[in-house]
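Pasting run02.cif here (mmCIF, C-alpha atoms):
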data_query
loop_
_atom_site.label_atom_id
_atom_site.label_comp_id
_atom_site.auth_asym_id
_atom_site.auth_seq_id
_atom_site.Cartn_x
_atom_site.Cartn_y
_atom_site.Cartn_z
CA MET A 1 -57.65 -42.69 -26.28
CA LYS A 2 -61.13 -41.64 -27.28
CA GLY A 3 -63.69 -41.44 -24.50
CA LYS A 4 -67.46 -41.54 -24.49
CA ILE A 5 -69.60 -39.75 -27.06
CA LYS A 6 -71.45 -36.74 -25.64
CA LEU A 7 -73.02 -35.45 -28.85
CA VAL A 8 -74.42 -37.20 -31.94
CA ILE A 9 -74.94 -35.07 -35.06
CA TRP A 10 -77.27 -36.48 -37.70
CA ASP A 11 -77.51 -35.98 -41.44
CA LEU A 12 -81.11 -36.15 -42.69
CA ASP A 13 -81.63 -37.52 -46.24
CA ASN A 14 -81.09 -41.29 -46.37
CA THR A 15 -79.79 -41.17 -42.80
CA LEU A 16 -82.33 -40.02 -40.25
CA TRP A 17 -85.02 -40.84 -42.81
CA LYS A 18 -85.15 -42.75 -46.09
CA GLY A 19 -85.36 -40.66 -49.22
CA VAL A 20 -84.50 -37.09 -50.22
CA ILE A 21 -86.99 -34.37 -49.31
CA SER A 22 -86.26 -32.34 -52.43
CA GLU A 23 -87.47 -35.30 -54.49
CA GLU A 24 -90.31 -36.72 -52.36
CA ASP A 25 -93.45 -35.41 -50.68
CA ASN A 26 -94.02 -38.16 -48.15
CA ILE A 27 -91.04 -38.52 -45.83
CA VAL A 28 -91.52 -40.85 -42.85
CA ILE A 29 -89.14 -41.26 -39.92
CA SER A 30 -89.17 -44.92 -38.90
CA GLU A 31 -90.03 -46.07 -35.40
CA GLU A 32 -86.59 -47.71 -35.20
CA ILE A 33 -84.83 -44.38 -35.78
CA GLN A 34 -87.13 -42.61 -33.31
CA TYR A 35 -86.32 -45.28 -30.73
CA VAL A 36 -82.57 -44.72 -31.20
CA ILE A 37 -82.99 -40.94 -30.84
CA LYS A 38 -85.04 -41.26 -27.66
CA LYS A 39 -82.71 -43.87 -26.17
CA LEU A 40 -79.63 -41.68 -26.77
CA ASP A 41 -81.49 -38.83 -25.10
CA GLU A 42 -82.27 -40.98 -22.05
CA ARG A 43 -78.56 -41.74 -21.76
CA GLY A 44 -77.78 -38.01 -21.62
CA ILE A 45 -76.21 -37.93 -25.08
CA LEU A 46 -77.02 -34.65 -26.83
CA GLN A 47 -78.12 -34.60 -30.47
CA SER A 48 -78.12 -32.13 -33.34
CA ILE A 49 -78.39 -31.99 -37.14
CA ALA A 50 -75.99 -31.00 -39.93
CA SER A 51 -77.76 -31.34 -43.25
CA LYS A 52 -77.68 -29.73 -46.69
CA ASN A 53 -81.37 -29.07 -47.06
CA ASP A 54 -84.19 -26.57 -46.94
CA TYR A 55 -84.63 -25.67 -43.27
CA GLU A 56 -88.42 -25.18 -43.27
CA ARG A 57 -89.20 -28.43 -45.10
CA ALA A 58 -86.80 -30.45 -42.96
CA MET A 59 -88.20 -29.07 -39.70
CA HIS A 60 -91.72 -29.78 -40.99
CA TYR A 61 -91.00 -33.52 -41.11
CA LEU A 62 -89.26 -33.50 -37.73
CA LYS A 63 -92.31 -31.79 -36.21
CA ILE A 64 -94.71 -34.28 -37.80
CA ALA A 65 -92.75 -37.06 -36.07
CA GLY A 66 -92.73 -35.07 -32.82
CA ILE A 67 -88.95 -35.23 -32.43
CA GLU A 68 -87.81 -31.70 -33.32
CA GLU A 69 -87.18 -30.91 -29.63
CA TYR A 70 -84.42 -33.53 -29.45
CA PHE A 71 -82.02 -31.52 -31.63
CA LEU A 72 -79.98 -28.62 -30.26
CA TYR A 73 -78.79 -25.85 -32.62
CA PRO A 74 -79.76 -27.80 -35.80
CA GLN A 75 -77.83 -26.55 -38.84
CA ILE A 76 -79.90 -27.17 -41.95
CA ASN A 77 -78.51 -25.09 -44.81
CA TRP A 78 -76.16 -25.39 -47.78
CA ASN A 79 -72.88 -24.71 -45.97
CA PRO A 80 -70.10 -27.33 -45.70
CA LYS A 81 -71.02 -29.84 -43.02
CA SER A 82 -67.70 -29.42 -41.22
CA GLU A 83 -68.49 -25.71 -40.83
CA ASN A 84 -71.93 -26.46 -39.42
CA ILE A 85 -70.58 -29.11 -37.07
CA ASN A 86 -67.90 -26.77 -35.73
CA TYR A 87 -70.65 -24.22 -35.06
CA ILE A 88 -72.71 -26.78 -33.08
CA ILE A 89 -69.66 -27.93 -31.09
CA LYS A 90 -68.79 -24.34 -30.20
CA LYS A 91 -72.36 -23.57 -29.13
CA LEU A 92 -72.47 -26.62 -26.87
CA ASN A 93 -68.91 -26.03 -25.61
CA LEU A 94 -67.81 -29.64 -26.15
CA GLY A 95 -64.57 -31.19 -27.34
CA SER A 96 -64.70 -32.52 -30.90
CA ASP A 97 -63.31 -35.85 -29.67
CA ALA A 98 -66.62 -36.39 -27.84
CA VAL A 99 -68.72 -35.94 -30.98
CA ALA A 100 -70.03 -38.44 -33.54
CA PHE A 101 -71.35 -37.56 -37.01
CA ILE A 102 -73.66 -39.89 -38.95
CA ASP A 103 -74.07 -39.59 -42.73
CA ASP A 104 -74.85 -41.85 -45.70
CA GLN A 105 -72.29 -40.28 -48.06
CA GLU A 106 -68.60 -41.16 -47.91
CA PHE A 107 -67.70 -37.77 -49.37
CA GLU A 108 -69.43 -35.87 -46.55
CA LEU A 109 -67.86 -38.09 -43.89
CA SER A 110 -64.42 -37.54 -45.43
CA GLU A 111 -64.93 -33.76 -45.66
CA VAL A 112 -65.86 -33.60 -41.98
CA LYS A 113 -63.03 -35.91 -40.90
CA PHE A 114 -60.49 -33.86 -42.86
CA HIS A 115 -61.45 -30.62 -41.11
CA ILE A 116 -62.24 -32.16 -37.68
CA PRO A 117 -59.81 -35.10 -37.25
CA GLU A 118 -60.87 -35.90 -33.67
CA ILE A 119 -64.52 -36.50 -34.55
CA THR A 120 -66.01 -40.01 -34.81
CA CYS A 121 -67.61 -40.56 -38.25
CA ILE A 122 -70.26 -43.27 -38.63
CA LYS A 123 -71.83 -44.53 -41.87
CA SER A 124 -75.65 -44.50 -41.77
CA GLU A 125 -75.78 -48.23 -42.51
CA ASN A 126 -74.40 -48.76 -38.97
CA ILE A 127 -77.31 -47.01 -37.24
CA PRO A 128 -78.93 -50.36 -36.20
CA THR A 129 -75.90 -51.10 -33.97
CA LEU A 130 -75.50 -47.53 -32.69
CA LEU A 131 -76.90 -48.22 -29.22
CA GLN A 132 -74.55 -51.18 -28.75
CA ARG A 133 -71.39 -49.16 -29.36
CA LYS A 134 -69.28 -48.89 -26.19
CA ASP A 135 -68.67 -45.19 -26.74
CA MET A 136 -72.45 -44.64 -26.78
CA ILE A 137 -72.97 -46.29 -23.40
CA PRO A 138 -72.13 -43.83 -20.59
CA GLU A 139 -70.42 -45.14 -17.49
CA TYR A 140 -73.11 -43.49 -15.38
CA ILE A 141 -76.72 -42.59 -16.17
CA THR A 142 -78.14 -40.25 -13.52
CA ASN A 143 -81.16 -38.01 -13.03
CA ASP A 144 -79.06 -35.22 -14.53
CA SER A 145 -78.45 -37.42 -17.59
CA TYR A 146 -82.20 -37.66 -18.22
CA LYS A 147 -82.51 -33.88 -17.91
CA ARG A 148 -79.36 -32.91 -19.82
CA ARG A 149 -81.14 -31.85 -23.01
CA ILE A 150 -83.55 -29.69 -20.98
CA PHE A 151 -80.60 -28.05 -19.23
CA TYR A 152 -79.10 -27.18 -22.63
CA LEU A 153 -82.43 -25.94 -23.98
CA ASN A 154 -82.64 -23.58 -21.00
CA ASP A 155 -79.09 -22.46 -21.78
CA GLN A 156 -80.14 -21.81 -25.37
CA LYS A 157 -82.93 -19.57 -24.06
CA ARG A 158 -80.51 -17.69 -21.78
CA ASN A 159 -78.01 -17.22 -24.60
CA GLU A 160 -80.66 -15.74 -26.90
CA ILE A 161 -81.71 -13.27 -24.20
CA GLU A 162 -78.09 -12.37 -23.40
CA LYS A 163 -77.39 -11.72 -27.10
CA ASN A 164 -80.01 -8.95 -27.07
CA PHE A 165 -79.06 -7.58 -23.65
CA ALA A 166 -77.71 -4.02 -23.77
CA GLY A 167 -75.59 -4.01 -20.59
CA THR A 168 -72.38 -5.72 -19.48
CA SER A 169 -71.98 -9.46 -18.87
CA GLU A 170 -72.10 -8.94 -15.10
CA GLU A 171 -75.25 -6.82 -15.40
CA PHE A 172 -76.85 -9.61 -17.40
CA LEU A 173 -75.86 -12.19 -14.78
CA CYS A 174 -77.55 -10.01 -12.14
CA THR A 175 -80.85 -10.40 -14.01
CA LEU A 176 -80.76 -14.22 -13.79
CA GLY A 177 -81.40 -14.51 -10.05
CA MET A 178 -78.83 -17.29 -9.69
CA VAL A 179 -78.79 -19.33 -6.50
CA LEU A 180 -75.81 -21.61 -5.84
CA ASN A 181 -76.17 -24.32 -3.22
CA LEU A 182 -73.09 -26.09 -1.89
CA LYS A 183 -73.84 -29.04 0.32
CA ARG A 184 -72.09 -32.05 1.74
CA ALA A 185 -72.67 -34.97 -0.63
CA CYS A 186 -74.89 -37.84 0.42
CA LYS A 187 -75.06 -41.37 -0.98
CA GLU A 188 -77.69 -40.31 -3.56
CA ASP A 189 -75.23 -37.75 -5.00
CA LEU A 190 -72.35 -40.15 -5.56
CA MET A 191 -73.28 -41.40 -9.02
CA ARG A 192 -73.62 -37.83 -10.31
CA CYS A 193 -70.30 -36.87 -8.67
CA ALA A 194 -68.61 -39.83 -10.36
CA GLU A 195 -70.27 -38.90 -13.67
CA LEU A 196 -68.96 -35.33 -13.41
CA THR A 197 -65.38 -36.52 -12.88
CA VAL A 198 -65.70 -38.61 -16.06
CA ARG A 199 -67.40 -35.95 -18.21
CA THR A 200 -65.72 -32.70 -17.09
CA HIS A 201 -62.39 -31.68 -18.65
CA GLN A 202 -62.13 -27.90 -19.06
CA LEU A 203 -63.08 -26.91 -15.51
CA ASN A 204 -61.36 -29.81 -13.75
CA SER A 205 -58.35 -29.16 -11.53
CA THR A 206 -56.71 -32.58 -11.96
CA GLY A 207 -58.49 -34.57 -14.66
CA TYR A 208 -58.71 -37.48 -12.22
CA THR A 209 -61.78 -39.71 -12.40
CA TYR A 210 -63.30 -41.27 -9.31
CA THR A 211 -65.55 -44.32 -9.24
CA PHE A 212 -68.74 -44.58 -7.23
CA ASP A 213 -67.00 -46.92 -4.75
CA GLU A 214 -64.01 -44.62 -4.29
CA LEU A 215 -66.28 -41.69 -3.55
CA ALA A 216 -68.40 -43.82 -1.22
CA ASN A 217 -65.29 -44.75 0.77
CA MET A 218 -64.31 -41.09 1.09
CA LEU A 219 -67.85 -40.16 2.09
CA ASN A 220 -67.50 -42.47 5.09
CA ASP A 221 -63.96 -41.31 5.94
CA ARG A 222 -63.79 -38.41 8.42
CA ARG A 223 -60.59 -37.18 6.78
CA TYR A 224 -62.49 -36.16 3.63
CA ILE A 225 -65.10 -33.55 2.78
CA LEU A 226 -67.02 -34.23 -0.42
CA GLY A 227 -69.17 -31.33 -1.54
CA VAL A 228 -71.63 -31.08 -4.43
CA ALA A 229 -72.89 -27.83 -5.97
CA GLU A 230 -76.33 -27.17 -7.49
CA LEU A 231 -77.33 -24.08 -9.47
CA ASN A 232 -80.73 -22.57 -10.28
CA ASP A 233 -81.97 -19.34 -11.83
CA ILE A 234 -85.24 -17.80 -13.04
CA TYR A 235 -85.15 -19.93 -16.21
CA GLY A 236 -84.84 -23.25 -14.41
CA GLU A 237 -82.33 -25.61 -12.85
CA TYR A 238 -78.83 -26.36 -14.08
CA GLY A 239 -78.71 -29.50 -11.92
CA LYS A 240 -75.71 -30.74 -9.95
CA ILE A 241 -72.88 -28.90 -11.68
CA GLY A 242 -69.88 -29.01 -9.32
CA VAL A 243 -67.76 -31.22 -7.07
CA MET A 244 -65.31 -30.23 -4.33
CA LEU A 245 -63.14 -32.84 -2.60
CA ILE A 246 -61.02 -31.84 0.41
CA LYS A 247 -58.64 -33.95 2.46
CA LYS A 248 -57.95 -32.84 6.03
CA ASN A 249 -54.23 -33.35 6.59
CA ASN A 250 -54.79 -32.18 10.17
CA ASN A 251 -56.85 -29.52 11.95
CA LYS A 252 -54.73 -26.70 10.51
CA SER A 253 -53.89 -28.00 7.03
CA TRP A 254 -56.27 -29.01 4.24
CA THR A 255 -55.70 -30.07 0.65
CA LEU A 256 -58.24 -29.40 -2.08
CA LYS A 257 -57.82 -32.62 -4.05
CA LEU A 258 -60.42 -31.84 -6.71
CA LEU A 259 -62.49 -28.90 -7.84
CA LEU A 260 -64.60 -29.15 -10.96
CA THR A 261 -67.67 -27.52 -12.48
CA SER A 262 -69.63 -28.42 -15.58
CA CYS A 263 -68.68 -26.70 -18.82
CA ARG A 264 -72.31 -25.54 -19.05
CA VAL A 265 -71.60 -22.94 -16.35
CA ILE A 266 -68.24 -21.83 -17.72
CA SER A 267 -69.47 -18.23 -18.11
CA ARG A 268 -71.08 -18.09 -14.66
CA GLY A 269 -67.91 -18.00 -12.54
CA ILE A 270 -69.16 -20.84 -10.33
CA GLY A 271 -65.79 -22.52 -9.76
CA SER A 272 -64.26 -19.18 -8.79
CA ALA A 273 -67.14 -18.47 -6.37
CA ILE A 274 -66.76 -21.86 -4.65
CA LEU A 275 -62.99 -21.41 -4.36
CA LYS A 276 -63.34 -17.88 -2.96
CA TRP A 277 -65.77 -19.14 -0.35
CA LEU A 278 -63.39 -21.97 0.63
CA ILE A 279 -60.45 -19.56 0.88
CA ASN A 280 -62.52 -17.23 3.08
CA TYR A 281 -63.50 -20.15 5.31
CA THR A 282 -59.93 -21.35 5.79
CA ILE A 283 -58.67 -17.82 6.48
CA LYS A 284 -61.28 -17.40 9.23
CA GLN A 285 -60.41 -20.81 10.70
CA HIS A 286 -56.63 -20.23 10.42
CA ILE A 287 -56.25 -23.30 8.19
CA GLU A 288 -53.45 -23.61 5.63
CA LEU A 289 -55.03 -24.39 2.28
CA TYR A 290 -53.26 -26.41 -0.40
CA ALA A 291 -54.57 -27.65 -3.75
CA GLU A 292 -53.61 -30.44 -6.11
CA PHE A 293 -53.38 -29.43 -9.76
CA VAL A 294 -52.52 -31.44 -12.87
CA PRO A 295 -52.19 -29.38 -16.06
CA THR A 296 -53.88 -30.96 -19.08
CA ASN A 297 -54.48 -29.82 -22.63
CA ARG A 298 -58.00 -28.75 -21.63
CA ASN A 299 -57.88 -27.15 -18.14
CA ARG A 300 -55.75 -24.04 -18.68
CA ILE A 301 -58.65 -21.95 -17.35
CA MET A 302 -58.34 -23.68 -13.96
CA GLU A 303 -54.62 -22.90 -13.79
CA ILE A 304 -55.39 -19.22 -14.40
CA MET A 305 -58.11 -19.24 -11.74
CA TYR A 306 -55.85 -20.73 -9.06
CA SER A 307 -53.11 -18.24 -9.86
CA SER A 308 -55.46 -15.24 -9.83
CA LEU A 309 -56.89 -16.25 -6.44
CA GLY A 310 -53.53 -16.41 -4.72
CA PHE A 311 -52.20 -19.95 -5.22
CA SER A 312 -48.59 -20.71 -6.14
CA MET A 313 -46.72 -23.97 -6.64
CA VAL A 314 -44.70 -25.25 -3.67
CA ASP A 315 -44.00 -28.81 -4.81
CA ARG A 316 -44.25 -31.08 -7.83
CA CYS A 317 -44.26 -34.84 -8.27
CA SER A 318 -44.25 -35.82 -11.94
CA GLU A 319 -47.29 -34.02 -13.42
CA LEU A 320 -48.93 -33.37 -10.04
CA GLU A 321 -48.39 -29.84 -8.74
CA ILE A 322 -49.01 -28.90 -5.10
CA LEU A 323 -50.24 -25.33 -4.80
CA GLN A 324 -50.46 -23.25 -1.62
CA CYS A 325 -52.90 -20.42 -1.07
CA ASN A 326 -51.07 -17.28 0.07
CA ARG A 327 -54.19 -15.13 0.35
CA LYS A 328 -54.63 -13.39 3.72
CA GLU A 329 -57.59 -11.10 3.03
CA LEU A 330 -61.20 -12.18 2.59
CA PHE A 331 -62.75 -12.14 -0.87
CA GLU A 332 -65.99 -10.37 -1.68
CA MET A 333 -68.46 -12.85 -3.14
CA PRO A 334 -70.00 -12.09 -6.58
CA ALA A 335 -72.96 -9.68 -6.35
CA TYR A 336 -74.88 -11.54 -9.09
CA LEU A 337 -74.92 -14.81 -7.14
CA GLU A 338 -76.88 -15.80 -4.05
CA PHE A 339 -74.56 -18.32 -2.45
CA LYS A 340 -76.02 -20.81 0.04
CA PRO A 341 -73.25 -22.97 1.48
CA GLU A 342 -75.14 -25.60 3.45
CA ILE A 343 -72.03 -27.74 3.66
CA ILE A 344 -70.82 -28.73 7.13
CA MET A 345 -67.06 -28.39 7.12
CA GLU A 346 -66.46 -29.81 10.59
CA GLU A 347 -68.18 -32.72 12.29
#
Would you mind writing the structure in this file as structure tokens?
Amino acid sequence: MKGKIKLVIWDLDNTLWKGVISEEDNIVISEEIQYVIKKLDERGILQSIASKNDYERAMHYLKIAGIEEYFLYPQINWNPKSENINYIIKKLNLGSDAVAFIDDQEFELSEVKFHIPEITCIKSENIPTLLQRKDMIPEYITNDSYKRRIFYLNDQKRNEIEKNFAGTSEEFLCTLGMVLNLKRACKEDLMRCAELTVRTHQLNSTGYTYTFDELANMLNDRRYILGVAELNDIYGEYGKIGVMLIKKNNNKSWTLKLLLTSCRVISRGIGSAILKWLINYTIKQHIELYAEFVPTNRNRIMEIMYSSLGFSMVDRCSELEILQCNRKELFEMPAYLEFKPEIIMEE
């Protein structure tokens, strides 16, 4: 089943505005459309543009309306719209099933749907009801939701700098001054933790979603450790980008029930760093570490990470795999990352 929409891609002529800019000199973007754009942004839904148009003229009208900053990686050219949309999706590292495309022409919608079957296509005449669509109403709207576009704009800046960087990927990461904080979650973190379980698919060890109430119950249960990770660098904050949920079977046996990190930090090795730190901690405390893992069509990267860090399957129940960590030696933490684990593992 389709989930929530994370990205809306707009056509321009007779969609985001009335008229065709190649034929008119006075294009106006209505207050109603501007309201929809700003409301989607407040909900944490990203936005972009795929339009067959002259880039400079189109951006001119967006700037006049003061809304050009709302669109990430806008593709305004004469290429097929499916090609432009695939480019945007790749840049934002999202699944095409979480993307909606709005256009006034049936031909363009059909062309996009043919090449990207999972995408949601919406006729421009339905824009007035866009904000009422269930797939446009996130289950959780958090402080990170309000800042999501800014996080991605910062990523855009980092990517541009990295593209022109002469050294290796690790050398580039060393220039970012990244600081990773891992702390025990508090009540104020629970909505963001629940949001991450709903939104994160690629870097999610089980694909399970947890509600606010479920996480609140675990927060108050001494058998569980709920950790939340925050990341910052010289270009700004990434926000709360990771969740770690541990169940204490007893004093000498723990199970990592969930480990996830946002797809925005997929190239930063954050999940691996958190897992290495946890393995090191359990080795020092002589604790047997297990992990729950459910393979999905999106989280192959997590399976590879567990395997490379010394986990192997010891049991399976239906799709749920129980992995055991066989590592006996401590890991060296990444040199490019200042890791500040404030989390209290024992009470």
How would you write, as a PyMOL selection string, the residues chosen by the PyMOL selection byres ((chain A and resi 201) around 12) on this structure?
chain A and resi 3+93-95+97-98+195-200+202-209+259-264+266+294-302
Report as JSON lines the residues of range 17-87 of chain A within 12 Å of range 153-166 of chain A, each with its shortest atom pair and distance in Å (one decimal), using all atoms listed in the file, ordered by chain and increasing residue number.
{"residue": "A:Leu46", "atom": "CA", "partner": "A:Leu153", "partner_atom": "CA", "distance": 10.6}
{"residue": "A:Gln47", "atom": "CA", "partner": "A:Leu153", "partner_atom": "CA", "distance": 11.6}
{"residue": "A:Glu69", "atom": "CA", "partner": "A:Leu153", "partner_atom": "CA", "distance": 8.9}
{"residue": "A:Tyr70", "atom": "CA", "partner": "A:Leu153", "partner_atom": "CA", "distance": 9.6}
{"residue": "A:Phe71", "atom": "CA", "partner": "A:Leu153", "partner_atom": "CA", "distance": 9.5}
{"residue": "A:Leu72", "atom": "CA", "partner": "A:Leu153", "partner_atom": "CA", "distance": 7.3}
{"residue": "A:Tyr73", "atom": "CA", "partner": "A:Gln156", "partner_atom": "CA", "distance": 8.4}
Selection above as a file: C-alpha atoms, as a PDB file, in the coordinates of the input:
ATOM      1  CA  LEU A  46     -77.020 -34.650 -26.830  1.00  0.00           C
ATOM      2  CA  GLN A  47     -78.120 -34.600 -30.470  1.00  0.00           C
ATOM      3  CA  GLU A  69     -87.180 -30.910 -29.630  1.00  0.00           C
ATOM      4  CA  TYR A  70     -84.420 -33.530 -29.450  1.00  0.00           C
ATOM      5  CA  PHE A  71     -82.020 -31.520 -31.630  1.00  0.00           C
ATOM      6  CA  LEU A  72     -79.980 -28.620 -30.260  1.00  0.00           C
ATOM      7  CA  TYR A  73     -78.790 -25.850 -32.620  1.00  0.00           C
TER       8      TYR A  73
END
A:Leu320, A:Leu109, A:Ile21, A:Val99 ranked by distance to Ser82 in chain A, top pick (using all atoms listed in the file):
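When distances to Ser82 in chain A are compared using all atoms listed in the file, the smallest one comes from A:Leu109.
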So which residues get picked by the PyMOL selection byres ((chain A and resi 96) around 12) here, written as a PyMOL selection string?
chain A and resi 2-9+82+85-95+97-101+112-113+115-121
The PyMOL selection byres ((chain A and resi 279) around 12) on the file shown: which residues, as a PyMOL selection string?
chain A and resi 254-256+272-278+280-291+306+309-311+324-333
Quick check, in Å to one decimal: how far apart do CA of Met244 in chain A and CA of Arg268 in chain A lie?
17.0 Å
Would you be able to write out as a short mmCIF file (atom, residue, chain, number, x, y, z; two decimals) with C-alpha atoms, in the frame of the given file which residues have an atom within 12 Å of (-83.0, -41.7, -33.5) in the file's coordinates, counting all atoms listed in the file?
data_model
loop_
_atom_site.label_atom_id
_atom_site.label_comp_id
_atom_site.auth_asym_id
_atom_site.auth_seq_id
_atom_site.Cartn_x
_atom_site.Cartn_y
_atom_site.Cartn_z
CA VAL A 8 -74.42 -37.20 -31.94
CA ILE A 9 -74.94 -35.07 -35.06
CA TRP A 10 -77.27 -36.48 -37.70
CA ASP A 11 -77.51 -35.98 -41.44
CA LEU A 12 -81.11 -36.15 -42.69
CA THR A 15 -79.79 -41.17 -42.80
CA LEU A 16 -82.33 -40.02 -40.25
CA TRP A 17 -85.02 -40.84 -42.81
CA ILE A 29 -89.14 -41.26 -39.92
CA SER A 30 -89.17 -44.92 -38.90
CA GLU A 31 -90.03 -46.07 -35.40
CA GLU A 32 -86.59 -47.71 -35.20
CA ILE A 33 -84.83 -44.38 -35.78
CA GLN A 34 -87.13 -42.61 -33.31
CA TYR A 35 -86.32 -45.28 -30.73
CA VAL A 36 -82.57 -44.72 -31.20
CA ILE A 37 -82.99 -40.94 -30.84
CA LYS A 38 -85.04 -41.26 -27.66
CA LYS A 39 -82.71 -43.87 -26.17
CA LEU A 40 -79.63 -41.68 -26.77
CA ASP A 41 -81.49 -38.83 -25.10
CA GLU A 42 -82.27 -40.98 -22.05
CA ILE A 45 -76.21 -37.93 -25.08
CA LEU A 46 -77.02 -34.65 -26.83
CA GLN A 47 -78.12 -34.60 -30.47
CA SER A 48 -78.12 -32.13 -33.34
CA ILE A 49 -78.39 -31.99 -37.14
CA LEU A 62 -89.26 -33.50 -37.73
CA ALA A 65 -92.75 -37.06 -36.07
CA GLY A 66 -92.73 -35.07 -32.82
CA ILE A 67 -88.95 -35.23 -32.43
CA GLU A 68 -87.81 -31.70 -33.32
CA TYR A 70 -84.42 -33.53 -29.45
CA PHE A 71 -82.02 -31.52 -31.63
CA ILE A 102 -73.66 -39.89 -38.95
CA SER A 124 -75.65 -44.50 -41.77
CA ILE A 127 -77.31 -47.01 -37.24
CA PRO A 128 -78.93 -50.36 -36.20
CA THR A 129 -75.90 -51.10 -33.97
CA LEU A 130 -75.50 -47.53 -32.69
CA LEU A 131 -76.90 -48.22 -29.22
#
Skipping near chain neighbours, those fewer than 5 positions away, what residues fall within 8 Å of Arg43 in chain A using all atoms listed in the file, listed as number ranges by chain?
A: 137-138, 141, 145-146
As lines of an AutoDock Vina configuration file, please report the centre and edge lengths, rounded to one decimal in Å, of the axis-aligned box that holds all listed atoms of range 82-99 of chain A with 6 Å of padding on each of the six sides.
center_x = -68.0
center_y = -30.0
center_z = -33.4
size_x = 21.4
size_y = 24.8
size_z = 27.6
Exercise: Lys52 in chain A partners within 10 Å, all atoms listed in the file, chain neighbours under 3 positions left out, as a PyMOL selection string
chain A and resi 11-13+49+55+58+75-81+84
Interatomic distance, CA of Asn14 in chain A to CA of Arg148 in chain A (Å, one decimal):
27.9 Å
Have a look at A:Asp144, A:Asp221, A:Glu106, A:Asp233 and name the one nearest to Val179 in chain A; count only C-alpha atoms.
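Looking only at the distances to Val179 in chain A, the closest residue turns out to be A:Asp233.
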Emit a file covering range 287-298 of chain A of the preceding structure with C-alpha atoms, as a short mmCIF file (atom, residue, chain, number, x, y, z; two decimals), in the first residue's frame.
data_model
loop_
_atom_site.label_atom_id
_atom_site.label_comp_id
_atom_site.auth_asym_id
_atom_site.auth_seq_id
_atom_site.Cartn_x
_atom_site.Cartn_y
_atom_site.Cartn_z
CA ILE A 287 27.16 -8.30 27.56
CA GLU A 288 25.95 -10.61 24.79
CA LEU A 289 24.51 -8.44 22.03
CA TYR A 290 21.72 -9.62 19.74
CA ALA A 291 19.82 -7.70 17.07
CA GLU A 292 16.44 -8.09 15.41
CA PHE A 293 16.48 -7.76 11.63
CA VAL A 294 13.68 -7.96 9.07
CA PRO A 295 14.84 -7.87 5.43
CA THR A 296 12.73 -5.60 3.22
CA ASN A 297 13.00 -4.48 -0.37
CA ARG A 298 14.62 -1.24 0.82
#
